[in-house]
Every structure is written in structure tokens, then in C-alpha cells.
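Here is the file coords37.txt (compact mmCIF, C-alpha atoms).
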# COMPACT_ATOMS: atom_id res chain seq x y z
CA MET A 1 -16.41 -4.82 2.83
CA ARG A 2 -14.51 -1.56 2.55
CA LEU A 3 -13.44 -1.19 -1.07
CA GLY A 4 -11.79 1.67 -2.89
CA VAL A 5 -9.24 2.76 -5.48
CA GLN A 6 -6.19 4.94 -5.85
CA VAL A 7 -7.85 8.32 -6.52
CA SER A 8 -6.35 11.29 -8.36
CA ILE A 9 -5.77 14.52 -6.40
CA SER A 10 -5.75 16.60 -9.60
CA GLY A 11 -7.01 20.14 -9.00
CA LYS A 12 -7.70 20.56 -5.30
CA ILE A 13 -6.91 17.68 -2.99
CA TYR A 14 -10.47 17.60 -1.60
CA GLU A 15 -11.77 16.89 -5.12
CA ALA A 16 -10.46 13.34 -4.60
CA ILE A 17 -13.33 12.74 -2.18
CA GLU A 18 -15.94 13.68 -4.79
CA ARG A 19 -14.27 11.35 -7.30
CA ALA A 20 -14.35 8.54 -4.75
CA LYS A 21 -18.04 9.20 -3.98
CA LEU A 22 -18.96 8.96 -7.65
CA LEU A 23 -17.28 5.55 -7.77
CA GLY A 24 -19.06 4.37 -4.63
CA CYS A 25 -15.83 3.91 -2.68
CA ASP A 26 -15.87 3.13 1.04
CA THR A 27 -12.13 3.80 1.43
CA ILE A 28 -9.46 5.46 -0.73
CA GLN A 29 -5.75 5.77 -1.31
CA ILE A 30 -4.16 8.99 -2.56
CA PHE A 31 -0.84 10.68 -3.04
CA SER A 32 -0.80 13.85 -0.99
CA ARG A 33 1.51 15.45 -3.57
CA ASN A 34 3.07 14.72 -6.96
CA PRO A 35 4.60 11.22 -6.58
CA GLN A 36 7.34 11.93 -9.13
CA GLN A 37 8.67 15.14 -7.55
CA TRP A 38 10.10 16.40 -4.28
CA ARG A 39 7.87 18.70 -2.27
CA HIS A 40 7.59 22.25 -3.62
CA VAL A 41 4.61 23.58 -1.66
CA ARG A 42 2.66 22.59 1.43
CA LEU A 43 -1.04 21.84 1.52
CA ASN A 44 -3.29 24.85 1.95
CA LYS A 45 -5.02 24.89 5.36
CA GLU A 46 -8.42 25.56 3.84
CA ASP A 47 -7.95 22.68 1.39
CA VAL A 48 -7.10 20.40 4.32
CA ARG A 49 -10.20 21.56 6.20
CA LYS A 50 -12.42 20.87 3.21
CA PHE A 51 -10.81 17.49 2.60
CA ARG A 52 -11.53 16.36 6.15
CA GLU A 53 -15.05 17.78 6.07
CA PHE A 54 -15.89 16.11 2.76
CA GLN A 55 -14.36 12.82 3.85
CA LYS A 56 -16.43 12.77 7.03
CA GLU A 57 -19.63 13.57 5.13
CA ALA A 58 -18.90 10.84 2.56
CA LYS A 59 -18.08 8.29 5.30
CA ILE A 60 -14.99 7.23 3.38
CA TRP A 61 -12.48 5.56 5.66
CA PRO A 62 -9.81 4.56 6.36
CA LEU A 63 -7.65 6.98 4.39
CA PHE A 64 -4.42 5.58 2.95
CA ILE A 65 -1.69 7.83 1.57
CA HIS A 66 1.03 6.33 -0.60
CA ILE A 67 4.55 7.67 -0.17
CA PRO A 68 6.00 9.27 -3.36
CA TYR A 69 8.19 7.10 -5.58
CA LEU A 70 11.33 9.22 -5.21
CA VAL A 71 11.71 8.38 -1.52
CA ASN A 72 14.25 5.59 -0.93
CA LEU A 73 14.98 4.76 2.71
CA ALA A 74 17.35 1.94 1.67
CA SER A 75 19.50 4.12 -0.58
CA PRO A 76 23.30 3.82 -0.26
CA LEU A 77 23.58 7.40 -1.54
CA ASN A 78 23.88 9.63 1.50
CA ARG A 79 22.22 12.70 -0.02
CA LEU A 80 19.19 10.75 -1.25
CA TYR A 81 19.01 8.80 2.01
CA LYS A 82 18.96 11.92 4.20
CA GLY A 83 16.60 13.70 1.82
CA SER A 84 14.24 10.71 1.91
CA ILE A 85 14.13 10.72 5.71
CA LYS A 86 13.39 14.44 5.78
CA ALA A 87 10.66 14.13 3.12
CA TYR A 88 9.17 11.12 4.90
CA ILE A 89 8.82 13.00 8.18
CA GLU A 90 7.11 15.88 6.36
CA ASP A 91 4.77 13.45 4.59
CA ILE A 92 3.72 11.79 7.85
CA LYS A 93 2.97 15.15 9.44
CA GLU A 94 0.96 16.14 6.37
CA ALA A 95 -0.87 12.79 6.39
CA ASN A 96 -1.73 13.40 10.02
CA LEU A 97 -3.19 16.83 9.16
CA LEU A 98 -5.38 15.18 6.52
CA GLY A 99 -6.58 12.62 9.06
CA ALA A 100 -4.95 9.65 7.34
CA GLU A 101 -4.65 6.51 9.42
CA TYR A 102 -1.97 4.91 7.25
CA LEU A 103 1.01 5.76 5.05
CA VAL A 104 1.87 3.03 2.54
CA THR A 105 5.50 2.66 1.53
CA HIS A 106 7.67 0.52 -0.70
CA MET A 107 10.68 -0.63 1.26
CA GLY A 108 13.33 0.88 -0.97
CA SER A 109 16.16 -0.28 -3.20
CA HIS A 110 19.67 -1.08 -2.01
CA LYS A 111 21.04 -0.34 -5.52
CA LYS A 112 23.06 -3.58 -5.70
CA LYS A 113 24.80 -2.89 -2.39
CA GLY A 114 23.25 -5.94 -0.71
CA GLU A 115 20.00 -6.75 1.08
CA ASP A 116 21.56 -6.72 4.55
CA LEU A 117 22.82 -3.16 4.10
CA GLY A 118 19.49 -2.07 2.63
CA ILE A 119 17.53 -3.56 5.53
CA LYS A 120 19.92 -1.95 8.02
CA LYS A 121 19.48 1.47 6.41
CA ILE A 122 15.68 1.35 6.16
CA THR A 123 15.42 0.13 9.76
CA GLU A 124 17.59 2.97 11.03
CA ALA A 125 15.63 5.46 8.90
CA LEU A 126 12.26 4.23 10.14
CA ASN A 127 13.35 4.43 13.77
CA ILE A 128 14.37 8.07 13.22
CA ILE A 129 11.11 8.82 11.40
CA LEU A 130 8.88 7.10 13.96
CA GLU A 131 10.59 8.84 16.86
CA LYS A 132 10.16 12.27 15.26
CA THR A 133 6.49 11.60 14.42
CA LYS A 134 5.49 9.59 17.51
CA ASN A 135 2.83 12.14 18.46
CA THR A 136 0.90 11.55 15.22
CA SER A 137 -1.75 8.87 14.71
CA VAL A 138 -0.27 7.63 11.41
CA THR A 139 0.85 4.02 10.98
CA ILE A 140 3.44 3.13 8.33
CA LEU A 141 2.56 0.10 6.19
CA LEU A 142 5.41 -1.80 4.54
CA GLU A 143 4.25 -2.97 1.11
CA ASN A 144 5.61 -6.20 -0.37
CA THR A 145 7.29 -5.89 -3.76
CA ALA A 146 7.68 -7.93 -6.93
CA GLY A 147 11.37 -8.59 -6.34
CA SER A 148 12.71 -6.88 -9.43
CA GLY A 149 16.12 -5.27 -9.42
CA SER A 150 17.41 -4.39 -5.96
CA TRP A 151 14.03 -3.77 -4.32
CA LEU A 152 13.51 -5.05 -0.79
CA GLY A 153 10.29 -6.61 0.45
CA TYR A 154 9.69 -9.46 -1.99
CA LYS A 155 9.83 -11.98 0.86
CA PHE A 156 8.45 -11.47 4.35
CA GLN A 157 11.77 -12.29 6.01
CA HIS A 158 12.66 -8.71 5.05
CA GLN A 159 9.63 -7.27 6.83
CA LYS A 160 10.33 -9.46 9.86
CA LYS A 161 13.94 -8.25 10.15
CA ILE A 162 12.82 -4.63 9.93
CA ILE A 163 9.89 -4.88 12.35
CA ASP A 164 11.96 -6.85 14.86
CA SER A 165 14.33 -3.86 15.08
CA ILE A 166 11.68 -1.13 15.17
CA VAL A 167 11.35 0.59 18.55
CA ILE A 168 7.85 2.07 18.20
CA LYS A 169 6.20 -1.07 16.87
CA GLU A 170 2.62 0.15 17.32
CA HIS A 171 3.12 2.51 14.36
CA ILE A 172 4.32 -0.10 11.86
CA GLY A 173 2.29 -2.62 9.86
CA LEU A 174 1.93 -4.37 6.50
CA CYS A 175 0.22 -3.86 3.16
CA LEU A 176 -0.15 -6.97 0.97
CA ASP A 177 -0.16 -6.35 -2.79
CA THR A 178 -1.64 -9.35 -4.62
CA CYS A 179 0.12 -8.73 -7.95
CA HIS A 180 3.48 -8.22 -6.25
CA ALA A 181 3.04 -11.37 -4.16
CA TYR A 182 2.17 -13.51 -7.19
CA VAL A 183 5.02 -12.36 -9.41
CA ALA A 184 7.42 -12.65 -6.45
CA GLY A 185 6.61 -16.37 -6.32
CA TYR A 186 3.63 -16.74 -3.95
CA ASP A 187 0.97 -18.72 -5.81
CA ILE A 188 -2.02 -16.94 -4.28
CA ALA A 189 -4.13 -17.98 -7.28
CA THR A 190 -4.57 -21.34 -5.52
CA GLU A 191 -6.22 -22.12 -2.19
CA GLU A 192 -3.05 -23.78 -0.88
CA GLY A 193 -0.84 -20.90 -2.01
CA LEU A 194 -3.09 -18.31 -0.38
CA ASP A 195 -3.14 -20.20 2.90
CA ASN A 196 0.64 -20.58 2.74
CA ILE A 197 1.35 -16.88 2.35
CA LEU A 198 -1.02 -16.00 5.19
CA ASP A 199 0.63 -18.61 7.42
CA GLU A 200 4.04 -17.18 6.52
CA ILE A 201 2.98 -13.65 7.37
CA ASP A 202 1.43 -14.83 10.63
CA ASN A 203 4.48 -16.85 11.66
CA LEU A 204 7.01 -14.16 10.77
CA VAL A 205 5.25 -10.91 11.64
CA GLY A 206 1.73 -11.62 12.87
CA LEU A 207 -1.43 -11.25 10.80
CA GLU A 208 -2.60 -8.51 13.16
CA LYS A 209 0.01 -6.31 11.45
CA LEU A 210 -1.74 -6.69 8.08
CA LYS A 211 -3.93 -3.59 7.62
CA LEU A 212 -4.51 -3.29 3.86
CA ILE A 213 -4.79 -5.39 0.70
CA HIS A 214 -3.79 -3.86 -2.63
CA LEU A 215 -6.06 -5.82 -4.95
CA ASN A 216 -4.41 -6.15 -8.37
CA ASP A 217 -4.30 -8.95 -10.91
CA ALA A 218 -0.94 -9.82 -12.52
CA LYS A 219 -0.09 -9.60 -16.21
CA ASP A 220 2.91 -11.88 -15.88
CA ARG A 221 3.58 -15.43 -14.78
CA LEU A 222 4.27 -16.71 -11.29
CA ALA A 223 7.74 -15.74 -9.98
CA SER A 224 8.43 -13.54 -13.04
CA HIS A 225 9.35 -10.57 -10.80
CA ARG A 226 7.66 -8.24 -13.29
CA ASP A 227 5.52 -5.59 -11.62
CA ARG A 228 2.71 -5.13 -14.15
CA HIS A 229 -0.83 -4.82 -12.79
CA GLU A 230 -3.86 -6.18 -14.64
CA HIS A 231 -7.63 -5.76 -14.37
CA ILE A 232 -9.31 -8.00 -11.79
CA GLY A 233 -9.90 -11.45 -13.28
CA LYS A 234 -8.04 -10.66 -16.52
CA GLY A 235 -4.60 -11.77 -15.35
CA LYS A 236 -2.82 -14.80 -13.93
CA ILE A 237 -4.54 -14.73 -10.51
CA GLY A 238 -7.99 -14.84 -12.13
CA LEU A 239 -11.55 -14.53 -10.86
CA GLU A 240 -11.43 -17.67 -8.75
CA GLY A 241 -8.24 -16.49 -7.11
CA PHE A 242 -9.80 -13.14 -6.20
CA ARG A 243 -13.00 -14.77 -5.01
CA ARG A 244 -10.91 -16.73 -2.51
CA ILE A 245 -8.83 -13.71 -1.51
CA ILE A 246 -11.64 -11.27 -0.74
CA ASN A 247 -13.76 -13.91 1.02
CA HIS A 248 -10.97 -15.52 3.01
CA PRO A 249 -11.92 -15.39 6.71
CA LYS A 250 -8.52 -13.88 7.58
CA LEU A 251 -8.83 -11.13 4.95
CA ARG A 252 -12.49 -10.36 4.29
CA ASN A 253 -12.75 -7.67 6.99
CA LEU A 254 -9.69 -5.76 5.78
CA PRO A 255 -9.87 -2.73 3.45
CA PHE A 256 -9.17 -3.43 -0.24
CA ILE A 257 -7.66 -0.82 -2.55
CA LEU A 258 -7.51 -1.31 -6.33
CA GLU A 259 -4.47 -0.07 -8.28
CA THR A 260 -5.61 -1.58 -11.58
CA PRO A 261 -4.86 -0.03 -15.02
CA LYS A 262 -6.76 3.15 -15.94
CA LYS A 263 -6.86 3.67 -19.69
CA GLU A 264 -10.58 4.51 -19.86
CA ASP A 265 -12.82 6.48 -17.49
CA THR A 266 -14.87 3.34 -16.87
CA ASP A 267 -11.96 1.09 -15.87
CA ASP A 268 -12.29 1.75 -12.12
CA ILE A 269 -16.06 1.23 -12.27
CA ILE A 270 -15.69 -2.13 -14.04
CA ASN A 271 -13.02 -3.38 -11.62
CA LEU A 272 -14.99 -2.26 -8.57
CA GLU A 273 -18.13 -3.97 -9.87
CA THR A 274 -16.16 -7.16 -10.53
CA VAL A 275 -14.86 -7.27 -6.97
CA ARG A 276 -18.27 -6.52 -5.47
CA SER A 277 -19.81 -9.33 -7.55
CA LEU A 278 -17.34 -11.80 -6.03
CA TYR A 279 -17.77 -10.71 -2.42
CA GLY A 280 -19.89 -12.99 -0.27
CA LEU A 281 -19.60 -15.97 -2.62
CA SER A 282 -18.65 -19.24 -0.97
CA ILE A 283 -14.97 -20.19 -1.05
CA GLN A 284 -15.67 -23.86 -0.32

Can I see the file as C-alpha cells?
Amino acid sequence: MRLGVQVSISGKIYEAIERAKLLGCDTIQIFSRNPQQWRHVRLNKEDVRKFREFQKEAKIWPLFIHIPYLVNLASPLNRLYKGSIKAYIEDIKEANLLGAEYLVTHMGSHKKKGEDLGIKKITEALNIILEKTKNTSVTILLENTAGSGSWLGYKFQHQKKIIDSIVIKEHIGLCLDTCHAYVAGYDIATEEGLDNILDEIDNLVGLEKLKLIHLNDAKDRLASHRDRHEHIGKGKIGLEGFRRIINHPKLRNLPFILETPKKEDTDDIINLETVRSLYGLSIQ
């Protein structure tokens, strides 16, 4: 089992590795820059060198980088759309310098202009991005969403339509967020519901495209479309639901990243320990 958390890059980016080591992480997810701002400076070469050196020594892999929140590849606003493509290309190149295998992305918001237009725009954007970064080793992972507002990705028909139209398919994959799936209407708290979502992903896209599980409980009810994460076992999916998820034969060998609430310094430790205590327990 490769288990980790979203780790802060406060201070120097390589300090994230030390934080991950203290938590006992096998894998991590980071932002390579402030997720609420456009890029102001580039990573220092020495910081990048140290990051890769520390990561290798700590045997923490794979490395996932989450795209900043401001990027919107489905935007109907031309300035934001073009700026998002430019920023995305820079982020992939930076992720490649850091040695990241994957870049996780939300699929964007069409801002009430219609799902078909949003899917068309993100597909065109991704084809531009993938062509301009085809010499990197970074794979883009499309993350499912809760389905609030105008966000794309709350059903896997969206991912299918996008991937079907991607030219460089070897550099595109999926990230499954458990909280998002549940509040979007997939009852993964039950054995039948979990099997159903995996069958849907396999039939539409192929389970081989699934590279990462974001492991988060849900504060809100099934199909509420409210994206509020909860501590593992404290929400609507519950301990039994997570026991089935992390031990499912189609998922158990994938990396798991926690994005659970962090109000106290011990929150990550408690959630990691909870997941580890469930791993290896029978799902029969």
C-alpha cells in the first residue's frame, strides 16, 4: 500500500519531503506553487535538486502535483482560457523538473455556458497542452468532481468524451476522489455501489487509466453535490466503506492520497493510522 497526504510546501519546496517522512508517507501530493495565485516566480534550481535528492532518499513515490485552483480549461472567457493553457504548460514543465509522474486536475467550469461547450474547450486545451509537453514524462489525471455549479467531471461520460478526443492518450488518466464520487451520486459506501462505479469506469474509459485514489470521507449526503471532505470513517462513507475501497482487488495496489480536514497538527496522523488499520482486512 502506498499511502500519503497533501503536503504543504511552506518555506522551501523540499521541506515537503521532510514533512511527509515524519508522517510515514509512501507517496505525496503537493502544489508546486501557491494554488490561489498565478505564477510570480519559478522554482529555484537548487531547491529542485534538493527536492529530488530528498525524495529519492525517502523513497517517497509516486509524486503527484495538483494543478492550482485558478486554472480553468473549460472557461468561456477567452483571456482566462488562454492564460490557463499557458499556465498549465508551465506547470507540466515544472512538474517534470521535480520528477513528478502525475499532474492532477479538476476538469474546469463551463460557467453556465453548457457542458458540451465546456467539454469541447477542455479537450482542445488538453490537446494543445499535451502536444507542447509531449517530451515530458508527466501524465495528466482528470479528477472527478462533486457536480456543484457548472463543474465538469461529476459523471464519467465527461471523462470518456474528453479522452476519446485526446490525441496523445498515453499521457492522460484518471484520479478518483471518494468524497466527490459519493456526493455526485455514486453510493460507494456499499459493496454494490463500489462495484458499479468501477464497472462504469472500466466500460467507459478503462480501469487501466485509473492511477490515483483521493481518499476522503464525505460530510454530506449521497447526491448532495456538496464538496465537503470529512475525516476517514467520520462521514457518510464510513469505516466499512473505506475498508472495502482500500482492499478492493481492483484498487488495493493503487496509490492513496488523503485530502482530509487539517485543523490540528495530529489530524493527518490520525487519518493515516485509520487507513492503515483497515488495510489488509477481509472485504468478504

Residue contacts of segment 261-275 of chain A (10 Å, all atoms listed in the file) excluding same-chain residues fewer than 3 positions away, as a PyMOL selection string: chain A and resi 3-7+22-25+215-217+228-233+239+242-243+246+256-258+278-279

Pick from A:Thr139, A:Ser32, A:Ser148, A:Thr105, whichever lies nearest to Asp91 of chain A using all atoms listed in the file: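 Smallest separation from Asp91 of chain A among the options: A:Ser32.
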
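Across the structure, atom CA of Leu212 of chain A and atom CA of Glu46 of chain A are spaced 29.1 Å apart.
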
Just checking: using all atoms listed in the file, which residue out of A:Asn203, A:Asp47, A:Gly193, A:Leu152 ends up closest to Arg244 of chain A? A:Gly193

Nearest to Leu70 of chain A: which of A:Asn34, A:Lys50, A:Lys250, A:Glu18 is it, counting only C-alpha atoms?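 Closest residue, counting only C-alpha atoms: A:Asn34.
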
What lies within 8 Å of Asn247 of chain A using only C-alpha atoms, ignoring chain neighbours under 2 positions off, as JSON, numbers by chain? {"A": [243, 244, 245, 249, 251, 252, 279, 280, 281, 282, 283]}

What's around Asn44 of chain A at 12 Å? Count all atoms listed in the file, leave out sequence neighbours fewer than 3 positions away in its own chain, and write the answer as a ChimeraX atom specification. /A:12-14,32-33,41,47-51,94,97-98

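For segment 115-128 of chain A, the set of protein, DNA and RNA residues having any atom at most 8 Å away, when counting all atoms listed in the file and skipping those fewer than 6 positions along the same chain, is A:Leu73, A:Ala74, A:Ser75, A:Pro76, A:Ile85, A:Met107, A:Gly108, A:Ser109, A:Ser150, A:Leu152, A:His158, A:Lys161, A:Ile162, A:Ile163, A:Ser165, A:Ile166, A:Val167, A:Ile168.
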